[in-house]
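**Student:** My file is upload-v6.cif. It has mmCIF, C-alpha atoms:
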data_coords
loop_
_atom_site.label_atom_id
_atom_site.label_comp_id
_atom_site.auth_asym_id
_atom_site.auth_seq_id
_atom_site.Cartn_x
_atom_site.Cartn_y
_atom_site.Cartn_z
CA MET A 1 -63.13 1.76 45.21
CA SER A 2 -62.55 1.43 41.51
CA LEU A 3 -59.76 1.94 39.05
CA PHE A 4 -61.32 5.21 37.92
CA TYR A 5 -61.32 6.46 41.50
CA ALA A 6 -57.69 5.46 41.96
CA PHE A 7 -56.83 7.16 38.67
CA LEU A 8 -58.43 10.42 39.80
CA ALA A 9 -56.87 10.16 43.25
CA ILE A 10 -53.38 10.00 41.72
CA ILE A 11 -54.04 12.99 39.47
CA LYS A 12 -55.47 14.96 42.36
CA ARG A 13 -52.56 14.04 44.62
CA ASP A 14 -49.95 15.08 42.06
CA LEU A 15 -51.68 18.38 41.31
CA LEU A 16 -51.90 19.11 45.01
CA LEU A 17 -48.21 18.30 45.41
CA ALA A 18 -47.36 20.60 42.52
CA VAL A 19 -49.30 23.44 44.11
CA ARG A 20 -47.56 22.88 47.45
CA ARG A 21 -44.11 22.70 45.86
CA ARG A 22 -44.57 25.44 43.26
CA THR A 23 -41.04 25.21 41.81
CA GLU A 24 -42.20 22.23 39.79
CA ILE A 25 -44.61 24.45 37.86
CA ALA A 26 -42.41 27.53 37.82
CA ASN A 27 -39.11 25.99 36.66
CA PRO A 28 -39.99 24.74 33.17
CA LEU A 29 -42.21 27.72 32.51
CA LEU A 30 -39.55 30.19 33.55
CA PHE A 31 -36.98 28.37 31.45
CA PHE A 32 -39.31 28.50 28.43
CA ILE A 33 -39.92 32.22 28.81
CA LEU A 34 -36.27 33.05 29.49
CA VAL A 35 -34.88 31.17 26.50
CA ILE A 36 -37.38 32.72 24.13
CA THR A 37 -36.85 36.25 25.41
CA LEU A 38 -33.08 35.84 25.12
CA PHE A 39 -33.20 35.04 21.41
CA PRO A 40 -34.14 38.55 20.16
CA LEU A 41 -31.38 39.97 22.33
CA GLY A 42 -28.86 37.53 20.93
CA ILE A 43 -29.83 37.96 17.30
CA GLY A 44 -30.08 41.74 17.35
CA ALA A 45 -32.26 44.01 15.25
CA GLN A 46 -33.24 41.55 12.54
CA PRO A 47 -37.02 41.17 12.81
CA HIS A 48 -37.29 39.16 9.57
CA LEU A 49 -34.78 36.59 10.65
CA LEU A 50 -36.48 36.32 14.03
CA GLN A 51 -39.86 35.92 12.39
CA ALA A 52 -38.50 33.19 10.15
CA ILE A 53 -37.02 31.12 12.97
CA ALA A 54 -39.75 31.81 15.55
CA PRO A 55 -41.51 28.41 15.18
CA GLY A 56 -38.22 26.64 15.67
CA ILE A 57 -37.27 28.73 18.70
CA ILE A 58 -40.60 28.13 20.40
CA TRP A 59 -40.62 24.42 19.74
CA VAL A 60 -36.99 23.82 20.71
CA SER A 61 -37.56 25.76 23.95
CA ALA A 62 -40.73 23.78 24.67
CA LEU A 63 -38.86 20.54 24.07
CA LEU A 64 -35.99 21.50 26.36
CA ALA A 65 -38.41 22.76 29.01
CA ALA A 66 -40.26 19.43 28.86
CA MET A 67 -36.99 17.55 29.23
CA LEU A 68 -35.93 19.71 32.14
CA SER A 69 -39.13 18.86 33.98
CA LEU A 70 -39.01 15.12 33.32
CA ASP A 71 -36.93 14.07 36.29
CA SER A 72 -39.56 15.30 38.74
CA LEU A 73 -42.06 12.82 37.30
CA PHE A 74 -41.08 9.84 39.45
CA ARG A 75 -38.15 11.14 41.53
CA SER A 76 -39.93 12.06 44.76
CA ASP A 77 -42.19 8.99 44.62
CA PHE A 78 -39.12 6.84 44.19
CA ASP A 79 -37.29 8.51 47.07
CA ASP A 80 -40.07 8.33 49.65
CA GLY A 81 -41.44 4.88 48.85
CA SER A 82 -44.76 6.01 47.37
CA LEU A 83 -43.75 4.35 44.12
CA GLU A 84 -43.59 0.96 45.85
CA GLN A 85 -47.10 1.50 47.14
CA ILE A 86 -48.33 2.39 43.65
CA LEU A 87 -46.75 -0.76 42.24
CA LEU A 88 -48.35 -2.89 44.97
CA SER A 89 -51.81 -1.56 44.23
CA PRO A 90 -54.19 -4.18 42.85
CA TYR A 91 -54.97 -1.82 39.99
CA PRO A 92 -52.93 -2.02 36.77
CA THR A 93 -49.72 -0.05 37.22
CA SER A 94 -49.85 1.20 33.64
CA MET A 95 -53.11 3.05 34.31
CA LEU A 96 -51.83 4.60 37.52
CA VAL A 97 -48.68 5.62 35.67
CA LEU A 98 -50.81 7.19 32.96
CA ALA A 99 -52.55 9.22 35.67
CA LYS A 100 -49.18 10.44 36.89
CA ILE A 101 -48.14 11.40 33.36
CA ILE A 102 -51.39 13.31 32.80
CA ALA A 103 -50.92 15.20 36.06
CA HIS A 104 -47.34 15.94 35.08
CA TRP A 105 -48.44 17.30 31.72
CA LEU A 106 -51.09 19.49 33.36
CA VAL A 107 -48.39 20.93 35.60
CA THR A 108 -45.52 21.33 33.14
CA GLY A 109 -47.01 21.22 29.63
CA LEU A 110 -50.21 23.19 29.92
CA PRO A 111 -48.59 26.39 31.27
CA LEU A 112 -46.37 26.45 28.16
CA LEU A 113 -49.50 26.46 26.01
CA ILE A 114 -50.85 29.42 27.90
CA VAL A 115 -47.81 31.64 27.51
CA ALA A 116 -46.84 30.49 24.01
CA PRO A 117 -49.17 32.86 22.05
CA LEU A 118 -47.77 35.83 23.94
CA LEU A 119 -44.19 34.81 23.20
CA ALA A 120 -45.09 34.11 19.57
CA VAL A 121 -46.38 37.64 19.14
CA PHE A 122 -43.25 38.86 20.88
CA LEU A 123 -41.13 37.11 18.22
CA GLY A 124 -43.26 38.66 15.47
CA MET A 125 -44.85 35.44 14.31
CA PRO A 126 -47.65 35.98 11.74
CA THR A 127 -51.06 35.83 13.40
CA GLN A 128 -52.41 33.18 11.03
CA SER A 129 -49.95 30.65 12.42
CA LEU A 130 -50.81 31.24 16.09
CA GLY A 131 -53.68 28.76 16.03
CA VAL A 132 -51.52 26.09 14.45
CA LEU A 133 -48.76 26.75 16.98
CA LEU A 134 -51.20 26.19 19.83
CA LEU A 135 -52.58 23.08 18.19
CA THR A 136 -49.12 21.58 17.68
CA LEU A 137 -48.21 22.35 21.29
CA LEU A 138 -51.48 20.82 22.49
CA LEU A 139 -50.80 17.65 20.52
CA GLY A 140 -47.03 17.57 20.85
CA THR A 141 -46.25 18.32 24.51
CA PRO A 142 -48.28 15.34 25.84
CA VAL A 143 -46.25 13.14 23.50
CA LEU A 144 -43.09 14.57 25.05
CA SER A 145 -44.37 13.72 28.55
CA LEU A 146 -45.45 10.22 27.54
CA ILE A 147 -42.21 9.32 25.78
CA GLY A 148 -40.15 10.99 28.48
CA ALA A 149 -41.88 8.91 31.14
CA ILE A 150 -40.35 5.74 29.69
CA GLY A 151 -36.89 7.27 29.91
CA VAL A 152 -37.41 8.55 33.46
CA ALA A 153 -38.76 5.20 34.60
CA LEU A 154 -35.64 3.52 33.27
CA THR A 155 -33.23 5.96 34.89
CA VAL A 156 -34.97 6.85 38.17
CA GLY A 157 -33.04 4.16 40.05
CA LEU A 158 -29.67 5.51 38.91
CA ARG A 159 -27.95 8.11 40.99
CA ARG A 160 -26.84 10.21 38.04
CA GLY A 161 -29.35 9.40 35.39
CA GLY A 162 -29.68 12.90 33.95
CA MET A 163 -27.24 12.50 31.10
CA ILE A 164 -28.50 9.06 30.10
CA LEU A 165 -32.05 10.35 30.23
CA SER A 166 -31.30 13.09 27.69
CA LEU A 167 -29.55 10.62 25.41
CA LEU A 168 -32.47 8.22 25.68
CA VAL A 169 -35.36 10.55 25.04
CA LEU A 170 -33.92 13.26 22.79
CA PRO A 171 -33.80 11.08 19.64
CA LEU A 172 -37.41 10.09 20.29
CA TYR A 173 -38.40 13.74 20.60
CA VAL A 174 -36.99 14.65 17.19
CA PRO A 175 -39.98 13.50 15.07
CA VAL A 176 -42.33 15.63 17.17
CA LEU A 177 -40.04 18.62 16.72
CA ILE A 178 -39.79 18.13 12.97
CA PHE A 179 -43.50 17.79 12.26
CA ALA A 180 -44.63 20.43 14.73
CA GLY A 181 -42.02 22.99 13.67
CA ASN A 182 -42.77 22.33 10.04
CA ALA A 183 -46.54 22.73 10.56
CA VAL A 184 -46.15 26.13 12.20
CA GLU A 185 -43.79 27.30 9.47
CA MET A 186 -46.14 26.19 6.68
CA ALA A 187 -49.08 27.84 8.41
CA GLY A 188 -47.10 31.08 8.45
CA SER A 189 -46.91 31.03 4.65
CA GLY A 190 -50.60 30.15 4.37
CA LEU A 191 -50.13 26.54 3.28
CA PRO A 192 -52.30 23.63 4.43
CA VAL A 193 -50.96 21.72 7.44
CA ASP A 194 -53.43 18.82 7.65
CA ALA A 195 -50.76 16.21 7.01
CA GLN A 196 -48.48 17.34 9.83
CA ILE A 197 -51.39 17.72 12.25
CA ASN A 198 -52.64 14.24 11.39
CA ILE A 199 -49.20 12.80 12.01
CA LEU A 200 -49.04 14.59 15.37
CA ILE A 201 -52.49 13.23 16.29
CA SER A 202 -51.41 9.71 15.42
CA MET A 203 -48.21 10.15 17.45
CA LEU A 204 -50.28 11.24 20.42
CA CYS A 205 -52.70 8.32 20.10
CA LEU A 206 -49.88 5.87 19.66
CA SER A 207 -47.88 7.11 22.64
CA LEU A 208 -51.00 7.37 24.79
CA VAL A 209 -51.72 3.72 24.19
CA LEU A 210 -48.19 2.34 24.08
CA ALA A 211 -46.10 4.42 26.50
CA PRO A 212 -47.69 3.49 29.87
CA TRP A 213 -46.82 -0.22 29.57
CA PRO A 214 -43.05 0.07 29.12
CA THR A 215 -43.09 2.83 31.76
CA ALA A 216 -44.77 0.52 34.28
CA ALA A 217 -42.40 -2.32 33.42
CA ALA A 218 -39.37 -0.05 33.73
CA LEU A 219 -40.55 1.23 37.12
CA LYS A 220 -40.84 -2.34 38.36
CA MET A 221 -37.24 -2.87 37.31
CA SER A 222 -36.13 0.35 38.95
CA VAL A 223 -37.50 -0.44 42.41
CA ASN A 224 -35.81 -3.83 42.35
CA MET B 1 -64.97 -9.97 57.85
CA GLN B 2 -62.80 -12.53 56.11
CA ASN B 3 -63.94 -14.19 52.94
CA ASN B 4 -64.12 -17.94 52.85
CA ILE B 5 -61.09 -18.66 50.73
CA ILE B 6 -58.39 -20.31 52.79
CA HIS B 7 -55.36 -18.09 52.38
CA ARG B 8 -51.96 -19.63 52.39
CA LEU B 9 -48.55 -18.29 51.46
CA GLN B 10 -45.91 -20.75 50.40
CA GLY B 11 -42.28 -20.26 49.55
CA GLN B 12 -40.78 -23.17 47.70
CA ASP B 13 -37.03 -23.64 47.28
CA LEU B 14 -36.43 -19.92 47.28
CA SER B 15 -32.96 -18.65 46.73
CA CYS B 16 -31.46 -15.25 46.29
CA VAL B 17 -28.02 -14.35 44.99
CA ARG B 18 -26.70 -10.85 45.26
CA ASP B 19 -23.34 -9.79 43.84
CA ASP B 20 -22.19 -13.42 43.59
CA ARG B 21 -23.02 -13.96 47.24
CA ILE B 22 -25.68 -16.50 48.11
CA LEU B 23 -27.98 -14.84 50.65
CA PHE B 24 -30.17 -17.89 51.08
CA GLU B 25 -31.00 -20.98 49.10
CA ALA B 26 -33.55 -23.79 49.15
CA LEU B 27 -35.69 -21.86 51.61
CA ASN B 28 -39.10 -23.41 52.24
CA PHE B 29 -41.89 -22.10 54.39
CA GLU B 30 -45.62 -22.16 54.60
CA LEU B 31 -47.80 -19.63 56.33
CA SER B 32 -51.51 -20.01 56.91
CA ALA B 33 -54.22 -17.86 58.43
CA GLY B 34 -53.49 -16.50 61.89
CA GLN B 35 -49.76 -17.12 61.75
CA VAL B 36 -46.78 -14.81 62.00
CA LEU B 37 -43.50 -15.40 60.23
CA LEU B 38 -40.57 -13.68 61.86
CA LEU B 39 -37.39 -13.36 59.83
CA GLU B 40 -34.27 -13.10 61.89
CA GLY B 41 -30.67 -12.66 60.96
CA GLU B 42 -27.79 -10.22 60.97
CA ASN B 43 -27.62 -7.10 58.83
CA GLY B 44 -27.13 -8.04 55.20
CA SER B 45 -28.35 -11.60 55.71
CA GLY B 46 -31.08 -11.16 53.11
CA LYS B 47 -34.14 -10.38 55.24
CA THR B 48 -35.15 -7.37 53.19
CA SER B 49 -34.32 -9.17 49.94
CA LEU B 50 -36.66 -11.98 50.95
CA LEU B 51 -39.42 -9.51 51.78
CA ARG B 52 -38.95 -7.79 48.44
CA ILE B 53 -39.19 -11.14 46.69
CA LEU B 54 -42.42 -11.81 48.57
CA CYS B 55 -43.70 -8.40 47.43
CA GLY B 56 -42.88 -9.24 43.84
CA PHE B 57 -40.34 -6.40 43.50
CA ARG B 58 -37.55 -8.91 42.94
CA GLU B 59 -37.61 -12.19 41.13
CA PRO B 60 -36.22 -15.04 43.24
CA ASP B 61 -33.13 -16.54 41.62
CA ALA B 62 -34.77 -19.91 42.04
CA GLY B 63 -38.00 -21.17 43.51
CA LEU B 64 -41.58 -20.02 43.67
CA VAL B 65 -43.80 -17.91 45.88
CA LEU B 66 -47.38 -19.14 45.89
CA TRP B 67 -50.48 -17.44 47.26
CA GLY B 68 -53.38 -19.81 47.72
CA GLY B 69 -51.63 -22.15 45.29
CA ASN B 70 -51.20 -19.56 42.52
CA ALA B 71 -48.11 -17.64 41.55
CA ILE B 72 -48.07 -14.17 43.10
CA ASN B 73 -47.93 -12.16 39.91
CA ASP B 74 -51.57 -13.00 39.48
CA SER B 75 -53.40 -9.87 40.64
CA GLN B 76 -55.44 -11.51 43.43
CA TYR B 77 -52.31 -11.45 45.56
CA TYR B 78 -52.04 -7.67 45.42
CA ASP B 79 -55.66 -7.44 46.54
CA ASP B 80 -54.73 -9.34 49.66
CA MET B 81 -51.39 -7.95 50.74
CA ALA B 82 -49.97 -4.74 52.12
CA TYR B 83 -46.36 -3.75 52.59
CA VAL B 84 -44.67 -1.29 54.90
CA GLY B 85 -41.00 -1.02 54.11
CA HIS B 86 -37.99 1.01 55.21
CA LEU B 87 -39.45 3.98 53.41
CA ASP B 88 -42.69 5.27 54.84
CA GLY B 89 -44.36 5.72 51.47
CA VAL B 90 -46.08 8.91 52.53
CA LYS B 91 -45.79 12.33 50.93
CA LYS B 92 -44.34 14.90 53.28
CA GLU B 93 -46.05 17.84 51.56
CA LEU B 94 -49.50 16.34 52.08
CA THR B 95 -51.51 16.15 55.27
CA VAL B 96 -52.11 12.94 57.16
CA LEU B 97 -55.67 12.73 55.87
CA GLU B 98 -54.72 13.39 52.24
CA ASN B 99 -52.08 10.66 52.40
CA LEU B 100 -54.49 8.11 53.77
CA LYS B 101 -57.14 9.01 51.20
CA VAL B 102 -54.68 8.26 48.40
CA SER B 103 -53.73 4.95 50.03
CA LEU B 104 -57.39 4.09 50.35
CA ALA B 105 -58.06 4.93 46.71
CA LEU B 106 -55.20 2.65 45.66
CA GLY B 107 -56.64 -0.33 47.56
CA GLN B 108 -59.92 -1.80 48.69
CA THR B 109 -61.85 -0.45 51.66
CA GLY B 110 -60.84 -2.27 54.81
CA HIS B 111 -62.17 -2.89 58.31
CA TYR B 112 -61.52 0.58 59.65
CA SER B 113 -62.49 4.00 58.43
CA ILE B 114 -59.75 6.65 58.27
CA PRO B 115 -60.73 8.37 61.58
CA GLN B 116 -60.96 5.00 63.34
CA ALA B 117 -57.56 3.97 62.04
CA LEU B 118 -56.01 7.27 63.10
CA ALA B 119 -57.48 6.85 66.57
CA LYS B 120 -56.04 3.32 66.67
CA VAL B 121 -52.51 4.54 65.95
CA LEU B 122 -52.89 7.50 68.30
CA LEU B 123 -52.85 10.15 65.59
CA ALA B 124 -56.48 11.18 66.09
CA ASN B 125 -55.93 14.93 66.12
CA PHE B 126 -53.38 15.05 63.37
CA ASP B 127 -55.72 14.84 60.33
CA ASP B 128 -54.72 18.21 58.95
CA ALA B 129 -51.09 18.18 60.01
CA LEU B 130 -48.56 18.11 57.20
CA VAL B 131 -46.57 14.91 57.32
CA GLN B 132 -43.29 16.86 57.31
CA SER B 133 -44.23 18.26 60.71
CA LEU B 134 -44.60 14.78 62.21
CA SER B 135 -41.84 13.00 64.11
CA ALA B 136 -40.24 9.85 62.71
CA GLY B 137 -42.27 7.66 65.05
CA GLN B 138 -45.51 9.38 64.10
CA LYS B 139 -44.71 8.91 60.40
CA ARG B 140 -44.15 5.24 61.05
CA ARG B 141 -47.49 4.97 62.85
CA LEU B 142 -49.11 6.75 59.92
CA SER B 143 -47.69 4.26 57.44
CA LEU B 144 -48.95 1.45 59.67
CA ALA B 145 -52.41 3.07 59.71
CA ARG B 146 -52.45 2.31 55.99
CA LEU B 147 -52.65 -1.38 56.88
CA LEU B 148 -55.84 -0.79 58.81
CA ILE B 149 -57.81 1.23 56.27
CA THR B 150 -57.29 -1.10 53.34
CA LYS B 151 -58.58 -4.63 52.96
CA ASN B 152 -55.74 -7.08 53.27
CA THR B 153 -54.92 -10.44 54.70
CA LEU B 154 -51.16 -10.53 54.50
CA TRP B 155 -49.02 -7.83 56.07
CA ILE B 156 -45.40 -7.65 55.01
CA LEU B 157 -43.52 -5.43 57.43
CA ASP B 158 -39.85 -4.52 57.18
CA GLU B 159 -38.61 -3.45 60.61
CA PRO B 160 -41.98 -2.07 61.71
CA PHE B 161 -40.68 -1.02 65.12
CA THR B 162 -37.98 1.33 63.86
CA SER B 163 -38.20 4.73 65.58
CA LEU B 164 -41.22 3.74 67.65
CA ASP B 165 -41.23 4.29 71.41
CA LYS B 166 -42.26 1.63 73.94
CA GLN B 167 -45.88 2.67 73.77
CA GLY B 168 -45.81 2.56 69.96
CA ILE B 169 -44.25 -0.88 69.96
CA SER B 170 -46.85 -2.36 72.28
CA LEU B 171 -49.54 -0.63 70.21
CA ILE B 172 -48.33 -2.25 67.01
CA GLU B 173 -48.00 -5.58 68.77
CA SER B 174 -51.62 -5.41 69.85
CA LEU B 175 -52.69 -4.48 66.29
CA MET B 176 -50.71 -7.46 65.00
CA THR B 177 -52.32 -9.79 67.51
CA GLU B 178 -55.74 -8.49 66.54
CA HIS B 179 -54.96 -8.96 62.85
CA CYS B 180 -53.92 -12.58 63.42
CA LYS B 181 -56.99 -13.28 65.54
CA ALA B 182 -59.12 -12.12 62.62
CA GLY B 183 -57.43 -14.67 60.37
CA GLY B 184 -54.74 -12.45 58.91
CA MET B 185 -51.09 -13.28 58.55
CA ILE B 186 -47.94 -11.27 59.00
CA ILE B 187 -44.40 -11.57 57.77
CA LEU B 188 -41.94 -9.28 59.45
CA THR B 189 -38.33 -8.64 60.16
CA SER B 190 -37.36 -7.16 63.46
CA HIS B 191 -34.37 -6.63 65.70
CA HIS B 192 -36.64 -6.19 68.67
CA ASP B 193 -38.01 -9.09 70.63
CA ILE B 194 -41.65 -9.24 69.81
CA ALA B 195 -44.24 -10.20 72.35
CA LEU B 196 -47.24 -11.75 70.68
CA PRO B 197 -49.10 -13.85 73.22
CA ASN B 198 -51.38 -16.58 71.89
CA VAL B 199 -50.17 -16.15 68.34
CA ASP B 200 -48.48 -18.87 66.34
CA VAL B 201 -45.06 -17.41 65.50
CA GLN B 202 -42.75 -19.19 63.06
CA ARG B 203 -39.14 -18.14 62.92
CA ILE B 204 -36.70 -18.33 60.07
CA LEU B 205 -33.08 -17.60 60.82
CA LEU B 206 -31.18 -16.33 57.81
CA SER B 207 -27.42 -16.43 58.02
#
Represent the structure of the file as structure tokens.

**Tutor:**
Amino acid sequence: MSLFYAFLAIIKRDLLLAVRRRTEIANPLLFFILVITLFPLGIGAQPHLLQAIAPGIIWVSALLAAMLSLDSLFRSDFDDGSLEQILLSPYPTSMLVLAKIIAHWLVTGLPLLIVAPLLAVFLGMPTQSLGVLLLTLLLGTPVLSLIGAIGVALTVGLRRGGMILSLLVLPLYVPVLIFAGNAVEMAGSGLPVDAQINILISMLCLSLVLAPWPTAAALKMSVN
Amino acid sequence: MQNNIIHRLQGQDLSCVRDDRILFEALNFELSAGQVLLLEGENGSGKTSLLRILCGFREPDAGLVLWGGNAINDSQYYDDMAYVGHLDGVKKELTVLENLKVSLALGQTGHYSIPQALAKVLLANFDDALVQSLSAGQKRRLSLARLLITKNTLWILDEPFTSLDKQGISLIESLMTEHCKAGGMIILTSHHDIALPNVDVQRILLS
């Protein structure tokens, strides 16, 4: 057995668990759709205003949906002792944790990407910015999962960690929101967005490389 | 079956303080191949804390745990040990087989294949049963099956007999005897009297 095999086994296990539990996939997605569909109702018949704030609405909803789903990342593993077994594995914990984060993104982040174009059209977003919206979501939501994982790992041992978790991760989410929202808005007016996309790519690379280590260390502290 | 390295677990001057209460201090022990270390003591006397220190989950407040002469945070130790704690460490939404496959992927292949191990712990026909449909004793036997399918020398067991019936207890005892005969070692806590004939059992009383 190799590290790669262990990595895949964790991803496969978490996807299987998500399919068996279902609510884990449905909750963030439903939240995302509900919030976005409520905005037009709240704002009233002002299509131009809606069009102008559409990138912001979609990204803020995606961010909140990601945060809502974070707690499920390590909670059940912590409660049933599987986390201890993962930590005791001879393979590096950070890699196994990365596998868990990837599985979590596939379950909670990817569905958002799939419904986002539909909701964007629904908000009257110009078609030329749809591609950029998808690209920012593709680059940005994994960053949300990776950064969030550090926060969850730190708070999973606390009985009421929800509030602390939001306070911990929300400030770290802000840069993603700023650059992604800005990119979509610029694309809507036909301006180049290379700079924002490059920054998002570098954020993704950085968090992909740096986030698993503190997450693994924090999990070790949490099972103590 | 066993590699040629002489395995030895040593605890040197271990102490553990919890909430300003000294659970144990200056604890020394040495465990070599084929031996069992039984931790005894009342509830709250630090048995589980000691096991968690030996697993590396907790840092001892003083002292060292050595495996073959090296500190345990060197990864060789995790190749050689397996832990079954209070929590079963199995996913209730997965089947017995799926759970064991994950455990196997996380470790090295051991002496028994999954079907052999399931037969050993009397769960042979439960491959496709969801773990949530198993009884507490069956879950416990499943988590003990994990010890058989992965390669390990040291078993760390926290109350392994909890929720097992008489048959289950004697089954686990025979597995433990077999493991020691093959050169393995076991550290466990238990409230039950254990019957391990022909096995060198050390006892530590924590109070």

**Student:** Which of these, B:Ile72, B:Ala82, B:Leu37, B:Leu66, has the shortest distance to chain A once you count only C-alpha atoms?

**Tutor:**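 Checking each candidate against chain A, we get B:Ala82 as the closest.
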
**Student:** Choose the residue, out of A:Ala149, A:Met95, A:Ala211, A:Leu49, that has the smallest atom-to-atom separation from chain B; count all atoms listed in the file.

**Tutor:**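 Of A:Ala149, A:Met95, A:Ala211, A:Leu49, the one nearest chain B is A:Met95, counting all atoms listed in the file.
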
**Student:** Determine, using all atoms listed in the file, which residues of region 103-122 of chain A have any atom at most 9 Å from an atom of region 23-36 of chain A, and tabulate each with its shortest atom pair and distance in Å to one decimal place, rows ordered by chain and then rising number, as a tab-separated table.

**Tutor:**
residue	atom	partner	partner_atom	distance
A:Val107	CA	A:Ile25	CA	5.6
A:Thr108	CA	A:Ile25	CA	5.7
A:Gly109	CA	A:Leu29	CA	8.6
A:Pro111	CA	A:Leu29	CA	6.6
A:Leu112	CA	A:Leu29	CA	6.2
A:Val115	CA	A:Ile33	CA	8.0
A:Ala116	CA	A:Ile33	CA	8.6
A:Leu119	CA	A:Ile36	CA	7.2

**Student:** With only C-alpha atoms as the counted atoms, please give the residues lying no more than 12 Å from Val121 (chain A), apart from itself and same-chain residues fewer than 3 positions off, as a list of chain:residue names.

**Tutor:**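 Contacts, in chain order: A:Ile36, A:Thr37, A:Pro47, A:Leu50, A:Gln51, A:Ala54, A:Pro55, A:Ile58, A:Val115, A:Ala116, A:Pro117, A:Leu118, A:Gly124, A:Met125, A:Pro126, A:Thr127, A:Gln128, A:Ser129, A:Leu130, A:Gly131, A:Leu133.
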
**Student:** Show me, as a Markdown table, the residues of chain B having an atom within 7 Å of chain A, each with the closest atom pair and its distance in Å, using all atoms listed in the file.

**Tutor:**
| residue | atom | partner | partner_atom | distance |
| --- | --- | --- | --- | --- |
| B:Phe57 | CA | A:Asn224 | CA | 5.3 |
| B:Arg58 | CA | A:Asn224 | CA | 5.4 |
| B:Ser75 | CA | A:Pro90 | CA | 6.2 |
| B:Tyr78 | CA | A:Pro90 | CA | 4.8 |
| B:Asp79 | CA | A:Pro90 | CA | 5.1 |
| B:Leu87 | CA | A:Gly81 | CA | 5.1 |
| B:Asp88 | CA | A:Gly81 | CA | 6.1 |
| B:Gly89 | CA | A:Gly81 | CA | 4.0 |
| B:Val90 | CA | A:Ser82 | CA | 6.1 |
| B:Glu93 | CA | A:Leu17 | CA | 6.5 |
| B:Val102 | CA | A:Ala9 | CA | 5.9 |
| B:Ala105 | CA | A:Ala6 | CA | 4.8 |
| B:Leu106 | CA | A:Ala6 | CA | 5.3 |
| B:Gly107 | CA | A:Ser89 | CA | 6.0 |
| B:Gln108 | CA | A:Met1 | CA | 5.9 |
| B:Thr109 | CA | A:Met1 | CA | 6.9 |

**Student:** Identify, on the basis of all atoms listed in the file, every residue whose closest approach to region 30-33 of chain B does not exceed 7 Å; exclude the query and any residue fewer than 6 positions from it along the same chain; express the result as an MDAnalysis selection string.

**Tutor:** chainID B and resid 7:11 183:185

**Student:** If we count only C-alpha atoms and set the cut-off at 8 Å, which residues sit around Gly148 (chain A), ignoring sequence neighbours fewer than 3 positions away in its own chain? Please answer as a PDB file with C-alpha atoms, in the frame of the given file.

**Tutor:**
ATOM      1  CA  MET A  67     -36.990  17.550  29.230  1.00  0.00           C
ATOM      2  CA  LEU A  70     -39.010  15.120  33.320  1.00  0.00           C
ATOM      3  CA  LEU A 144     -43.090  14.570  25.050  1.00  0.00           C
ATOM      4  CA  SER A 145     -44.370  13.720  28.550  1.00  0.00           C
ATOM      5  CA  GLY A 151     -36.890   7.270  29.910  1.00  0.00           C
ATOM      6  CA  VAL A 152     -37.410   8.550  33.460  1.00  0.00           C
ATOM      7  CA  VAL A 169     -35.360  10.550  25.040  1.00  0.00           C
TER       8      VAL A 169
END

**Student:** I'd like the interatomic distance between CA of Glu185 (chain A) and CA of Leu165 (chain A), to a tenth of an Å.

**Tutor:**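 Computing it gives 29.3 Å between the two atoms.
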
**Student:** I need every residue sitting at most 12 Å from the point (-27.0, -14.7, 47.7) (coordinates as in the file, all atoms listed in the file considered), written as an NGL selection string.

**Tutor:** :B and (14-27 or 44-47 or 49-50 or 60-62 or 206-207)

**Student:** Enter the distance from CA of His86 (chain B) to CA of Asn43 (chain B), in Å, rounded to one decimal.

**Tutor:**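 Atom-to-atom, CA of His86 (chain B) to CA of Asn43 (chain B), that is 13.7 Å.
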
**Student:** Work out how far apart CA of Ser170 (chain B) and CA of Ile114 (chain B) are and give it in Å to one decimal.

**Tutor:**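 Atom-to-atom, CA of Ser170 (chain B) and CA of Ile114 (chain B) are spaced 21.1 Å apart.
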
**Student:** Using the chain letters and numbers from the file, give me the residues hit by the PyMOL selection byres ((chain A and resi 215) around 8), as a CSV table (one decimal) with C-alpha atoms, keeping the file's coordinate frame.

**Tutor:**
chain,number,residue,atom,x,y,z
A,94,SER,CA,-49.8,1.2,33.6
A,97,VAL,CA,-48.7,5.6,35.7
A,149,ALA,CA,-41.9,8.9,31.1
A,150,ILE,CA,-40.4,5.7,29.7
A,151,GLY,CA,-36.9,7.3,29.9
A,153,ALA,CA,-38.8,5.2,34.6
A,154,LEU,CA,-35.6,3.5,33.3
A,211,ALA,CA,-46.1,4.4,26.5
A,212,PRO,CA,-47.7,3.5,29.9
A,213,TRP,CA,-46.8,-0.2,29.6
A,214,PRO,CA,-43.0,0.1,29.1
A,216,ALA,CA,-44.8,0.5,34.3
A,217,ALA,CA,-42.4,-2.3,33.4
A,218,ALA,CA,-39.4,0.0,33.7
A,219,LEU,CA,-40.6,1.2,37.1
